[in-house]
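Participant: entry-v8.txt is reproduced in full below (compact mmCIF, C-alpha atoms).
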# COMPACT_ATOMS: atom_id res chain seq x y z
CA MET G 1 65.36 78.22 -101.94
CA ASP G 2 62.48 80.53 -100.93
CA ASP G 3 62.88 83.44 -98.50
CA LEU G 4 61.36 81.68 -95.48
CA ILE G 5 63.62 78.64 -95.84
CA ALA G 6 66.69 80.82 -96.46
CA ALA G 7 65.99 83.00 -93.41
CA ARG G 8 65.37 80.03 -91.16
CA MET G 9 68.45 78.21 -92.43
CA GLN G 10 70.64 81.25 -91.82
CA MET G 11 69.34 81.62 -88.27
CA ALA G 12 69.83 77.88 -87.74
CA VAL G 13 73.47 78.07 -88.85
CA SER G 14 74.16 81.18 -86.77
CA LEU G 15 72.50 79.76 -83.66
CA GLY G 16 74.11 76.38 -84.19
CA PHE G 17 77.57 77.94 -84.04
CA HIS G 18 76.83 80.58 -81.41
CA ILE G 19 75.29 78.21 -78.90
CA VAL G 20 78.58 76.30 -78.67
CA PHE G 21 80.47 79.52 -78.00
CA ALA G 22 77.79 80.57 -75.49
CA CYS G 23 78.03 77.28 -73.58
CA ILE G 24 81.80 77.58 -73.37
CA GLY G 25 81.48 81.23 -72.31
CA MET G 26 79.12 80.25 -69.49
CA THR G 27 81.25 77.39 -68.18
CA MET G 28 84.96 77.93 -68.80
CA PRO G 29 85.28 81.05 -66.60
CA ILE G 30 83.78 79.08 -63.69
CA LEU G 31 86.28 76.26 -64.25
CA MET G 32 89.09 78.80 -64.54
CA ALA G 33 88.14 80.57 -61.30
CA PHE G 34 87.71 77.26 -59.47
CA SER G 35 91.18 76.14 -60.50
CA GLU G 36 92.72 79.37 -59.22
CA TRP G 37 90.78 78.97 -55.96
CA LYS G 38 92.24 75.49 -55.59
CA TRP G 39 95.71 76.97 -56.05
CA LEU G 40 95.06 79.66 -53.45
CA ARG G 41 93.92 77.03 -50.97
CA THR G 42 96.54 74.32 -51.63
CA LYS G 43 99.47 76.24 -53.20
CA LYS G 44 99.88 73.36 -55.67
CA GLN G 45 101.46 74.61 -58.88
CA GLU G 46 99.37 72.42 -61.19
CA TYR G 47 96.18 74.28 -60.25
CA LEU G 48 97.76 77.62 -61.13
CA ASP G 49 99.02 76.18 -64.41
CA VAL G 50 95.56 74.90 -65.32
CA ALA G 51 93.93 78.23 -64.41
CA LYS G 52 96.35 80.16 -66.62
CA ALA G 53 95.95 77.73 -69.53
CA TRP G 54 92.15 77.79 -69.31
CA SER G 55 92.13 81.60 -69.11
CA LYS G 56 93.67 81.74 -72.58
CA GLY G 57 90.88 79.55 -73.91
CA VAL G 58 88.34 81.79 -72.20
CA ALA G 59 89.84 84.82 -73.97
CA ILE G 60 89.67 83.14 -77.39
CA PHE G 61 86.07 82.01 -77.04
CA PHE G 62 84.99 85.30 -75.48
CA ALA G 63 86.15 87.17 -78.55
CA VAL G 64 84.54 84.69 -80.94
CA GLY G 65 81.30 84.64 -78.93
CA ALA G 66 81.13 88.42 -79.04
CA VAL G 67 81.39 88.37 -82.83
CA SER G 68 78.81 85.63 -83.36
CA GLY G 69 76.42 87.19 -80.84
CA THR G 70 76.62 90.55 -82.60
CA VAL G 71 75.82 88.85 -85.92
CA LEU G 72 72.75 87.24 -84.37
CA SER G 73 71.42 90.55 -83.07
CA PHE G 74 71.60 92.03 -86.57
CA GLU G 75 70.08 88.94 -88.15
CA LEU G 76 66.95 89.11 -86.01
CA GLY G 77 66.19 92.56 -87.39
CA LEU G 78 67.22 91.84 -90.98
CA LEU G 79 65.69 88.38 -91.40
CA PHE G 80 62.61 88.66 -89.19
CA PRO G 81 61.61 92.37 -89.10
CA GLY G 82 57.97 91.49 -88.40
CA PHE G 83 59.04 89.77 -85.21
CA MET G 84 61.29 92.58 -84.00
CA GLU G 85 58.68 95.22 -84.81
CA HIS G 86 56.29 93.72 -82.27
CA ALA G 87 58.62 91.84 -79.93
CA GLY G 88 61.35 94.46 -79.53
CA PRO G 89 59.47 96.70 -77.06
CA ILE G 90 58.36 93.64 -75.06
CA ILE G 91 61.59 91.63 -74.66
CA GLY G 92 64.11 94.43 -74.93
CA MET G 93 64.85 94.28 -71.20
CA PRO G 94 66.58 90.86 -71.09
CA PHE G 95 68.69 91.86 -74.09
CA SER G 96 69.72 95.10 -72.37
CA TRP G 97 70.59 93.18 -69.20
CA GLU G 98 72.56 90.70 -71.29
CA GLY G 99 74.50 93.60 -72.76
CA THR G 100 75.23 94.89 -69.26
CA ALA G 101 76.43 91.47 -68.09
CA PHE G 102 78.61 91.20 -71.20
CA PHE G 103 80.11 94.64 -70.52
CA ILE G 104 80.97 93.69 -66.92
CA GLU G 105 82.36 90.35 -68.09
CA ALA G 106 84.64 92.08 -70.60
CA ILE G 107 86.06 94.42 -67.96
CA ALA G 108 86.56 91.65 -65.41
CA LEU G 109 88.19 89.38 -67.99
CA GLY G 110 90.67 92.12 -68.88
CA ILE G 111 91.55 92.53 -65.21
CA PHE G 112 91.93 88.76 -64.81
CA LEU G 113 94.11 88.28 -67.88
CA TYR G 114 96.46 91.18 -67.19
CA GLY G 115 96.33 91.15 -63.41
CA TRP G 116 98.58 88.17 -62.76
CA ASN G 117 101.32 89.17 -60.29
CA LYS G 118 99.94 92.74 -60.24
CA LEU G 119 96.93 92.40 -57.94
CA ASN G 120 96.35 90.87 -54.56
CA ARG G 121 95.81 87.14 -55.21
CA TRP G 122 92.31 87.07 -53.77
CA VAL G 123 91.32 90.25 -55.60
CA HIS G 124 92.57 88.67 -58.81
CA TRP G 125 90.55 85.55 -58.09
CA MET G 126 87.43 87.67 -57.47
CA SER G 127 87.79 89.17 -60.93
CA GLY G 128 87.63 85.64 -62.31
CA VAL G 129 84.52 84.95 -60.24
CA VAL G 130 82.90 88.07 -61.71
CA VAL G 131 83.74 86.80 -65.22
CA GLY G 132 82.07 83.47 -64.40
CA ILE G 133 78.93 84.95 -62.84
CA SER G 134 78.54 87.47 -65.67
CA GLY G 135 78.90 84.73 -68.27
CA VAL G 136 76.19 82.60 -66.66
CA LEU G 137 73.86 85.58 -66.28
CA SER G 138 74.38 86.56 -69.94
CA GLY G 139 73.21 83.13 -70.99
CA ILE G 140 70.21 83.20 -68.65
CA PHE G 141 69.09 86.61 -69.94
CA VAL G 142 69.18 85.44 -73.56
CA VAL G 143 67.36 82.22 -72.66
CA SER G 144 64.69 84.36 -70.99
CA ALA G 145 64.02 86.06 -74.33
CA ASN G 146 63.80 82.69 -76.07
CA ALA G 147 61.51 81.38 -73.32
CA TRP G 148 59.20 84.33 -74.02
CA MET G 149 58.86 83.12 -77.61
CA ASN G 150 57.66 79.78 -76.21
CA SER G 151 55.48 81.34 -73.52
CA PRO G 152 54.58 84.92 -74.50
CA ALA G 153 53.58 87.13 -71.58
CA GLY G 154 53.62 90.77 -70.50
CA PHE G 155 51.30 92.22 -73.17
CA THR G 156 47.80 92.13 -74.61
CA TRP G 157 47.50 91.33 -78.32
CA GLN G 158 44.86 93.56 -79.87
CA ASN G 159 44.19 94.24 -83.56
CA GLY G 160 47.53 92.70 -84.55
CA ARG G 161 49.58 94.81 -82.15
CA PRO G 162 50.78 94.48 -78.53
CA ILE G 163 49.38 96.85 -75.91
CA ASN G 164 49.61 97.05 -72.09
CA ILE G 165 53.27 96.00 -72.25
CA ASP G 166 54.89 94.81 -69.01
CA PRO G 167 58.59 94.02 -69.70
CA VAL G 168 59.14 92.48 -66.26
CA ALA G 169 56.30 89.98 -66.75
CA ALA G 170 57.64 89.27 -70.24
CA MET G 171 61.14 88.59 -68.98
CA PHE G 172 60.01 86.35 -66.13
CA ASN G 173 57.51 84.41 -68.19
CA SER G 174 56.29 80.97 -67.18
CA ALA G 175 58.94 79.20 -69.29
CA TRP G 176 62.05 81.13 -68.27
CA LEU G 177 62.88 79.19 -65.10
CA SER G 178 62.72 75.70 -66.60
CA GLN G 179 64.59 76.77 -69.74
CA ALA G 180 67.24 78.72 -67.78
CA ILE G 181 67.96 75.77 -65.49
CA HIS G 182 68.01 73.25 -68.32
CA MET G 183 70.22 75.38 -70.57
CA SER G 184 72.66 76.29 -67.78
CA LEU G 185 73.11 72.65 -66.83
CA ALA G 186 73.50 71.74 -70.51
CA ALA G 187 76.25 74.35 -70.86
CA PHE G 188 78.18 72.89 -67.93
CA VAL G 189 77.71 69.29 -69.08
CA SER G 190 78.76 69.91 -72.68
CA THR G 191 81.72 72.16 -71.93
CA ALA G 192 83.06 70.21 -68.95
CA PHE G 193 82.97 66.91 -70.82
CA ALA G 194 84.60 68.53 -73.87
CA VAL G 195 87.40 69.98 -71.74
CA ALA G 196 87.86 66.66 -69.94
CA GLY G 197 87.88 64.84 -73.27
CA VAL G 198 90.63 67.00 -74.76
CA HIS G 199 92.83 66.62 -71.68
CA ALA G 200 92.07 62.88 -71.48
CA TYR G 201 93.21 62.47 -75.10
CA LEU G 202 96.47 64.24 -74.31
CA LEU G 203 96.84 62.21 -71.13
CA VAL G 204 96.60 58.97 -73.11
CA LYS G 205 99.66 60.14 -75.03
CA ASP G 206 101.49 61.21 -71.86
CA ARG G 207 100.15 59.10 -69.01
CA ASN G 208 102.25 60.73 -66.25
CA ASN G 209 101.34 64.34 -67.06
CA LEU G 210 100.17 65.94 -63.81
CA PHE G 211 98.77 68.99 -65.59
CA HIS G 212 96.36 67.00 -67.74
CA ARG G 213 95.41 64.65 -64.91
CA THR G 214 94.45 67.63 -62.76
CA ALA G 215 92.45 69.20 -65.60
CA VAL G 216 90.55 65.98 -66.35
CA LYS G 217 89.60 65.50 -62.71
CA MET G 218 88.35 69.06 -62.23
CA ALA G 219 86.40 69.19 -65.49
CA LEU G 220 84.76 65.81 -64.91
CA SER G 221 83.80 66.81 -61.37
CA PHE G 222 81.78 69.75 -62.71
CA GLY G 223 80.42 67.76 -65.64
CA ALA G 224 79.37 64.84 -63.45
CA ILE G 225 77.33 66.95 -61.06
CA ALA G 226 75.60 68.81 -63.90
CA ALA G 227 74.95 65.62 -65.89
CA LEU G 228 73.30 63.92 -62.90
CA LEU G 229 71.10 66.97 -62.27
CA GLN G 230 70.10 67.28 -65.93
CA PRO G 231 67.51 64.43 -65.95
CA ILE G 232 65.75 66.12 -63.02
CA SER G 233 65.73 69.37 -64.96
CA GLY G 234 64.47 67.48 -68.02
CA ASP G 235 61.54 66.09 -66.05
CA PHE G 236 60.73 69.61 -64.84
CA SER G 237 60.82 70.87 -68.43
CA ALA G 238 58.68 68.00 -69.76
CA LYS G 239 55.91 68.70 -67.25
CA ASP G 240 56.12 72.41 -68.07
CA ILE G 241 55.90 71.78 -71.83
CA ALA G 242 52.94 69.43 -71.32
CA GLN G 243 51.02 72.35 -69.83
CA ARG G 244 52.17 75.18 -72.11
CA GLN G 245 52.96 73.54 -75.47
CA PRO G 246 51.11 70.23 -75.77
CA ALA G 247 51.72 70.17 -79.53
CA LYS G 248 55.48 70.25 -78.94
CA LEU G 249 55.28 67.41 -76.43
CA ALA G 250 53.20 65.37 -78.87
CA ALA G 251 55.79 65.96 -81.60
CA LEU G 252 58.65 65.01 -79.26
CA GLU G 253 57.03 61.65 -78.59
CA SER G 254 55.35 61.27 -82.01
CA LEU G 255 52.00 61.02 -80.22
CA TYR G 256 49.59 61.31 -83.12
CA LYS G 257 46.48 60.30 -81.14
CA THR G 258 45.38 61.66 -77.78
CA SER G 259 45.89 58.78 -75.36
CA LYS G 260 44.88 57.84 -71.84
CA PRO G 261 47.26 56.46 -70.70
CA ALA G 262 50.04 57.41 -73.14
CA ASP G 263 53.09 55.27 -73.91
CA LEU G 264 56.63 56.61 -73.77
CA VAL G 265 58.25 56.09 -77.18
CA ILE G 266 61.95 55.23 -77.34
CA GLY G 267 63.60 55.41 -80.76
CA GLY G 268 61.56 54.76 -83.86
CA ILE G 269 60.88 56.63 -87.07
CA PRO G 270 57.68 58.72 -87.27
CA ASN G 271 55.40 57.97 -90.21
CA ASP G 272 53.26 61.06 -90.86
CA THR G 273 51.28 59.39 -93.63
CA GLU G 274 50.09 56.52 -91.45
CA GLU G 275 50.40 58.58 -88.23
CA ARG G 276 52.38 55.99 -86.35
CA VAL G 277 55.95 55.35 -85.18
CA ASP G 278 57.80 52.49 -86.81
CA TYR G 279 60.53 50.43 -85.10
CA ALA G 280 59.98 52.05 -81.70
CA LEU G 281 60.01 50.66 -78.18
CA HIS G 282 56.87 51.57 -76.20
CA ILE G 283 56.74 51.77 -72.39
CA PRO G 284 53.05 51.71 -71.37
CA GLY G 285 51.78 54.68 -69.37
CA PHE G 286 55.17 56.21 -68.83
CA LEU G 287 54.56 59.33 -70.92
CA SER G 288 51.46 60.04 -68.83
CA PHE G 289 53.62 59.86 -65.72
CA LEU G 290 56.41 62.04 -67.13
CA ALA G 291 53.95 64.67 -68.40
CA HIS G 292 51.47 64.76 -65.53
CA GLY G 293 52.85 62.62 -62.69
CA ASN G 294 50.06 60.06 -63.15
CA PHE G 295 50.38 56.79 -65.05
CA GLU G 296 46.70 57.02 -66.07
CA ALA G 297 46.63 60.68 -67.14
CA GLU G 298 45.52 61.74 -70.61
CA VAL G 299 48.17 63.24 -72.88
CA THR G 300 47.11 65.49 -75.75
CA GLY G 301 48.08 64.19 -79.18
CA LEU G 302 48.64 65.90 -82.51
CA ASP G 303 45.07 65.04 -83.55
CA LYS G 304 43.90 67.96 -81.40
CA PHE G 305 45.69 70.49 -83.61
CA PRO G 306 45.15 71.55 -87.24
CA LYS G 307 47.75 70.04 -89.55
CA ASP G 308 49.13 73.47 -90.45
CA GLU G 309 49.84 74.14 -86.76
CA ARG G 310 51.71 70.92 -86.02
CA PRO G 311 55.50 70.95 -85.56
CA PRO G 312 57.64 68.88 -87.97
CA VAL G 313 57.38 65.53 -86.19
CA LEU G 314 60.31 63.65 -87.78
CA ILE G 315 62.97 66.29 -87.04
CA THR G 316 61.63 67.08 -83.58
CA HIS G 317 61.30 63.44 -82.53
CA ILE G 318 64.77 62.40 -83.72
CA ALA G 319 66.42 65.46 -82.17
CA PHE G 320 64.69 64.72 -78.88
CA GLN G 321 65.82 61.10 -78.93
CA VAL G 322 69.41 62.17 -79.63
CA MET G 323 69.35 64.69 -76.79
CA VAL G 324 67.90 62.25 -74.26
CA GLY G 325 70.13 59.38 -75.39
CA ILE G 326 73.33 61.40 -75.03
CA GLY G 327 72.12 62.88 -71.76
CA MET G 328 71.61 59.43 -70.29
CA LEU G 329 75.03 58.30 -71.57
CA LEU G 330 76.76 61.24 -69.91
CA ALA G 331 74.78 60.76 -66.70
CA LEU G 332 75.84 57.10 -66.56
CA THR G 333 79.44 58.10 -67.22
CA SER G 334 79.19 60.65 -64.42
CA LEU G 335 77.92 58.01 -62.03
CA LEU G 336 80.84 55.74 -62.94
CA PHE G 337 83.28 58.62 -62.41
CA LEU G 338 81.93 59.28 -58.93
CA VAL G 339 82.02 55.57 -58.04
CA PHE G 340 85.58 55.17 -59.35
CA SER G 341 86.66 58.35 -57.53
CA LYS G 342 85.39 56.94 -54.26
CA TRP G 343 86.33 53.26 -54.48
CA ARG G 344 88.53 52.55 -57.51
CA ARG G 345 90.75 55.55 -58.17
CA ARG G 346 93.28 53.61 -60.21
CA THR G 347 90.59 53.04 -62.85
CA LEU G 348 90.58 56.78 -63.59
CA SER G 349 94.17 56.45 -64.86
CA ARG G 350 93.50 53.42 -67.06
CA LYS G 351 93.94 53.86 -70.78
CA TRP G 352 90.48 52.47 -71.58
CA TRP G 353 88.78 54.99 -69.28
CA LEU G 354 90.76 57.95 -70.62
CA SER G 355 90.08 56.85 -74.20
CA PHE G 356 86.38 56.57 -73.43
CA ILE G 357 86.30 60.10 -71.96
CA ALA G 358 88.18 61.37 -75.02
CA LEU G 359 85.54 59.82 -77.29
CA LEU G 360 82.85 61.72 -75.39
CA THR G 361 84.43 65.10 -76.25
CA PRO G 362 81.78 66.23 -78.79
CA MET G 363 78.79 64.40 -77.33
CA GLY G 364 77.62 67.14 -74.98
CA PHE G 365 77.60 69.72 -77.76
CA ILE G 366 75.72 67.34 -80.04
CA ALA G 367 73.09 67.03 -77.31
CA VAL G 368 72.95 70.83 -76.97
CA GLU G 369 72.42 71.24 -80.72
CA ALA G 370 69.70 68.59 -80.66
CA GLY G 371 68.07 70.32 -77.70
CA TRP G 372 67.92 73.63 -79.55
CA VAL G 373 66.38 71.89 -82.54
CA VAL G 374 63.73 70.53 -80.16
CA THR G 375 63.11 74.00 -78.71
CA GLU G 376 62.99 75.91 -81.99
CA VAL G 377 61.60 73.40 -84.49
CA GLY G 378 59.18 72.07 -81.88
CA ARG G 379 57.62 75.56 -81.62
CA GLN G 380 56.89 75.80 -85.33
CA PRO G 381 54.97 77.13 -87.16
CA TRP G 382 55.02 79.86 -84.50
CA ILE G 383 57.78 82.38 -83.94
CA ILE G 384 55.76 83.75 -80.99
CA TYR G 385 53.81 80.76 -79.75
CA GLY G 386 50.10 81.12 -80.44
CA VAL G 387 50.50 84.76 -81.52
CA MET G 388 52.63 85.14 -84.67
CA LYS G 389 53.66 82.56 -87.25
CA THR G 390 57.19 82.47 -88.59
CA LYS G 391 56.05 83.02 -92.16
CA ASP G 392 54.42 86.32 -91.13
CA ALA G 393 57.61 87.64 -89.53
CA VAL G 394 60.15 86.88 -92.25
CA SER G 395 61.79 89.59 -94.37
CA ARG G 396 60.55 90.20 -97.89
CA MET G 397 64.00 91.30 -99.03
CA PRO G 398 65.02 89.37 -102.17
CA GLY G 399 68.17 87.31 -102.36
CA LEU G 400 68.19 85.99 -98.79
CA GLN G 401 69.77 82.75 -99.99
CA TYR G 402 72.98 84.65 -100.82
CA SER G 403 73.09 86.00 -97.29
CA PHE G 404 72.71 82.42 -96.06
CA TYR G 405 75.64 81.24 -98.20
CA THR G 406 77.83 84.14 -97.04
CA ILE G 407 77.11 83.67 -93.34
CA SER G 408 77.71 79.93 -93.61
CA ALA G 409 81.09 80.56 -95.22
CA VAL G 410 82.01 83.12 -92.54
CA TYR G 411 81.15 80.74 -89.71
CA LEU G 412 83.05 77.92 -91.36
CA LEU G 413 86.12 80.17 -91.65
CA LEU G 414 85.67 81.29 -88.05
CA THR G 415 85.55 77.66 -86.92
CA LEU G 416 88.76 76.84 -88.78
CA ILE G 417 90.47 79.83 -87.17
CA ILE G 418 89.33 78.69 -83.71
CA ILE G 419 90.62 75.17 -84.33
CA TRP G 420 93.97 76.57 -85.45
CA MET G 421 94.23 78.88 -82.42
CA MET G 422 93.24 76.15 -79.96
CA ARG G 423 95.71 73.69 -81.50
CA ARG G 424 98.45 76.28 -80.99
CA GLN G 425 97.31 76.81 -77.41
CA ILE G 426 97.32 73.06 -76.69
CA ALA G 427 100.76 72.72 -78.24
CA THR G 428 102.01 75.49 -75.96
CA VAL G 429 100.55 73.72 -72.94
CA LYS G 430 102.30 70.48 -73.90
CA THR G 431 105.60 72.35 -74.16
CA ASN G 432 105.31 74.34 -70.95
CA TYR G 433 103.98 71.60 -68.69
CA PRO G 434 106.16 68.48 -68.84
CA SER G 435 105.30 65.12 -67.32
CA ALA G 436 105.26 64.61 -63.58
CA SER G 437 105.42 61.43 -61.63
CA LEU G 438 102.10 59.75 -60.86
CA ASN G 439 103.20 59.64 -57.24
CA GLN G 440 103.79 63.38 -57.06
Translate the structure of the given file into structure tokens.
Facilitator:
Amino acid sequence: MDDLIAARMQMAVSLGFHIVFACIGMTMPILMAFSEWKWLRTKKQEYLDVAKAWSKGVAIFFAVGAVSGTVLSFELGLLFPGFMEHAGPIIGMPFSWEGTAFFIEAIALGIFLYGWNKLNRWVHWMSGVVVGISGVLSGIFVVSANAWMNSPAGFTWQNGRPINIDPVAAMFNSAWLSQAIHMSLAAFVSTAFAVAGVHAYLLVKDRNNLFHRTAVKMALSFGAIAALLQPISGDFSAKDIAQRQPAKLAALESLYKTSKPADLVIGGIPNDTEERVDYALHIPGFLSFLAHGNFEAEVTGLDKFPKDERPPVLITHIAFQVMVGIGMLLALTSLLFLVFSKWRRRTLSRKWWLSFIALLTPMGFIAVEAGWVVTEVGRQPWIIYGVMKTKDAVSRMPGLQYSFYTISAVYLLLTLIIIWMMRRQIATVKTNYPSASLNQ
């Protein structure tokens, strides 16, 4: 394993784990605060019980996210020193703001966890709101830095170095808004459906449990709204990518030849040798519409780029198909949930529906992982799009493969610890919250 592959694999493993923790950290505090708000408004005990149970999960994932995020910050400097040498002064601001948001979140979470029965109820609830807002802002600030890598701004590149640095322009680059919206919605979809899935699984085993029924309904309500908004966000992102990163868009759709109009490709396996897509379904002109809002518009293909500047088509295309496929599945599920909630409420208590929701537990996170593959692999070979290639930023330190093996083992151990802690938490919930009548 050469140094470039080892460095990229280590970052992939670290990001792959951390993004799950980040999504949960952005979403669970909002769910927690909403549940407490429902209790304050209705005085129903089940809402308070759910808020307290979810707060323990927030604490666990906050601690784990802090560890994995710290590892990532060190890895950027150790594995890609060429990148940090030039990028650090430009995109340092969003990272500093992320640190500030994290600091506020930590304080507010401590107040929330230890303030039960000690603070005014509404003051206590406000501390939870601060945790939720800080968590979302932390994610947005980090996404802003990643967006800069896709759409570098706020500097002039001269003689291999950045000059005329404007950190505000860098932070609010042309990609940050579309990426921030898309990632925030993805966090809510993935986490809300995972939470609903876990409670739905437990509800199948104990059909009259009011605690789990309340949790499923609240989580799905958030997940449904986010999942139905996500395709709109995806369309916004696609049009943005078509303008800024046409090579990425071409790789997403395996568009080897510039076409006017261009077909939308569904499924299929890219064939780089023959430059075609095998076993795919083609929808005439639809890619032109999605990219430019015109069924007859020209869409730039990979033939317009040198072969050494093309993203890996196979990985990017398959990851994109997985992300879109799961996104549409969750959007359809969300639509059914809203319909059933309005006209067929009994269906939401049926075993088949609860089992289906339980099966969806990991799907949102799979879509998030696929989406990050699209974002990162689709930018290759650039680490700073159009400015610096990944191979020019990687560390020359020997033995990077051993670092990769070590980090992978640490994250695997961390995952096992999380599973053990969450299983204990769920077992406690089952003990402390017995069944209640469906008519209650």
Participant: Using all atoms listed in the file, which residues sit within 8 Å of region 366-382 of chain G once same-chain residues fewer than 4 positions away are excluded, as a PyMOL selection string?
Facilitator: chain G and resi 16+19+150+186-187+190+245+248+251-252+308-312+315-317+319-320+322-324+326-327+362+386-391
Participant: Would you compute the distance between CA of Ile357 (chain G) and CA of Ile318 (chain G)? Give it in Å to one decimal.
Facilitator: 24.6 Å
Participant: What's the separation between CA of Trp54 (chain G) and CA of Val131 (chain G), in Å to one decimal place?
Facilitator: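 Value for the CA of Trp54 (chain G)-CA of Val131 (chain G) distance: 13.0 Å.
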Participant: As an exercise, work out the distance from CA of Leu413 (chain G) to CA of Met28 (chain G) in Å and give it to one decimal place.
Facilitator: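 For CA of Leu413 (chain G) relative to CA of Met28 (chain G), the distance reads 23.0 Å.
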Participant: Name the residues in contact with Arg345 (chain G) at a cut-off of 12 Å, using only C-alpha atoms, excluding same-chain residues fewer than 6 positions from it; report them as a PyMOL selection string.
Facilitator: chain G and resi 217+336-339+353
Participant: Do a neighbour search on His182 (chain G) at 7 Å with all atoms listed in the file, toss out local chain neighbours closer than 2 positions, and write the hits as a list in words.
Facilitator: Ser178, Gln179, Ala180, Ser184, Leu185, Ala186, Gln230, Ser233 and Gly234 of chain G
Participant: Ranking G:Thr42, G:Asn208, G:Ser96, G:Thr27 by minimum distance to Phe61 (chain G) and counting all atoms listed in the file, which one comes first?
Facilitator: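 Answer, going by the shortest atom-to-atom distance: G:Thr27.
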Participant: Dump as number ranges by chain all residues having an atom at most 9 Å from (49.4, 68.9, -63.8), computed in the file's coordinates with all atoms listed in the file.
Facilitator: G: 239-240, 242-243, 291-294
Participant: With a distance cut-off of 12 Å and all atoms listed in the file, select the neighbouring residues of Leu31 (chain G), excluding the residue or stretch itself and same-chain residues fewer than 6 positions from it, and output the selection as a ChimeraX atom specification.
Facilitator: /G:24-25,37-38,47-48,50-55,57-58,125,128-129,131-133,135,188,191-193,195-196,214-223
Participant: Excluding Pro270 (chain G) and its own-chain neighbours fewer than 5 positions away, which residues fall within 10 Å of it when counting only C-alpha atoms? Please give them as a list of chain:residue names.
Facilitator: G:Ala251, G:Glu253, G:Ser254, G:Leu255, G:Tyr256, G:Glu275, G:Arg276, G:Val277, G:Asp278, G:Tyr279, G:Ala280, G:Val313, G:Leu314, G:Ile315, G:Thr316, G:His317, G:Ile318
Participant: From the set G:Leu78, G:Ile266, G:Ala59, G:Leu228, which residue has the shortest atom-to-atom contact distance to Met422 (chain G), counting only C-alpha atoms?
Facilitator: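 Among the listed residues, the smallest separation from Met422 (chain G) belongs to G:Ala59.
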Participant: Go through G:Asp263, G:Asp392, G:Asp272, G:Asp206 one by one, measure the shortest atom-to-atom distance of each to Glu85 (chain G) using only C-alpha atoms, and give the residue with the smallest value.
Facilitator: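 When distances to Glu85 (chain G) are compared using only C-alpha atoms, the smallest one comes from G:Asp392.
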Participant: Given all atoms listed in the file as the basis, pick out the residue of G:Phe83, G:Tyr411, G:Tyr114, G:Trp148 nearest to His18 (chain G).
Facilitator: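 Of all the options, G:Tyr411 lies closest to His18 (chain G).
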Participant: Given the choices G:Phe365, G:Phe236, G:Phe80, G:Phe34, which gets closest to Met11 (chain G) if the distance is worked out from all atoms listed in the file?
Facilitator: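 Looking only at the distances to Met11 (chain G), the closest residue turns out to be G:Phe80.
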Participant: Measuring between all atoms listed in the file, which one of G:Ala108, G:Leu332, G:Val265, G:Ala147 shows the shortest distance to Ile181 (chain G)?
Facilitator: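 Smallest distance to Ile181 (chain G) is found for G:Ala147.
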Participant: Around all the atoms of region 109-125 of chain G listed in the file, draw an axis-aligned box and extend it by 3 Å on each of the six sides; I want its centre and edge lengths in Å to one decimal, as AutoDock Vina command-line options.
Facilitator:
--center_x 94.8 --center_y 89.1 --center_z -61.3 --size_x 19.1 --size_y 13.2 --size_z 21.1
Participant: Do you know which residues lie at most 12 Å from (53.7, 53.1, -66.9), with coordinates as in the file and all atoms listed in the file counted, and could you write them as a list in words?
Facilitator: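 Applying the cut-off with all atoms listed in the file, one gets Lys260, Pro261, Ala262, Asp263, Leu264, Val265, His282, Ile283, Pro284, Gly285, Phe286, Leu287, Ser288, Phe289, Leu290, Ala291, His292, Gly293, Asn294, Phe295, Glu296 and Ala297 of chain G.
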Participant: Once N, CA and C atoms are restored for region 376-384 of chain G, what would the output be as an mmCIF file, in the coordinates of the input?
Facilitator:
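What ended up in out.cif:
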data_model
loop_
_atom_site.group_PDB
_atom_site.id
_atom_site.type_symbol
_atom_site.label_atom_id
_atom_site.label_comp_id
_atom_site.auth_asym_id
_atom_site.auth_seq_id
_atom_site.Cartn_x
_atom_site.Cartn_y
_atom_site.Cartn_z
ATOM 1 N N GLU G 376 63.370 75.004 -80.912
ATOM 2 C CA GLU G 376 62.990 75.910 -81.990
ATOM 3 C C GLU G 376 62.064 75.263 -83.024
ATOM 4 N N VAL G 377 62.436 74.087 -83.495
ATOM 5 C CA VAL G 377 61.600 73.400 -84.490
ATOM 6 C C VAL G 377 60.300 72.933 -83.839
ATOM 7 N N GLY G 378 60.375 72.526 -82.572
ATOM 8 C CA GLY G 378 59.180 72.070 -81.880
ATOM 9 C C GLY G 378 58.153 73.169 -81.657
ATOM 10 N N ARG G 379 58.565 74.449 -81.769
ATOM 11 C CA ARG G 379 57.620 75.560 -81.620
ATOM 12 C C ARG G 379 56.921 75.899 -82.934
ATOM 13 N N GLN G 380 57.451 75.434 -84.038
ATOM 14 C CA GLN G 380 56.890 75.800 -85.330
ATOM 15 C C GLN G 380 55.453 75.296 -85.449
ATOM 16 N N PRO G 381 54.655 76.030 -86.227
ATOM 17 C CA PRO G 381 54.970 77.130 -87.160
ATOM 18 C C PRO G 381 55.021 78.506 -86.527
ATOM 19 N N TRP G 382 55.075 78.580 -85.192
ATOM 20 C CA TRP G 382 55.020 79.860 -84.500
ATOM 21 C C TRP G 382 56.409 80.406 -84.218
ATOM 22 N N ILE G 383 56.579 81.717 -84.421
ATOM 23 C CA ILE G 383 57.780 82.380 -83.940
ATOM 24 C C ILE G 383 57.508 82.956 -82.544
ATOM 25 N N ILE G 384 56.267 83.423 -82.327
ATOM 26 C CA ILE G 384 55.760 83.750 -80.990
ATOM 27 C C ILE G 384 54.587 82.807 -80.771
#
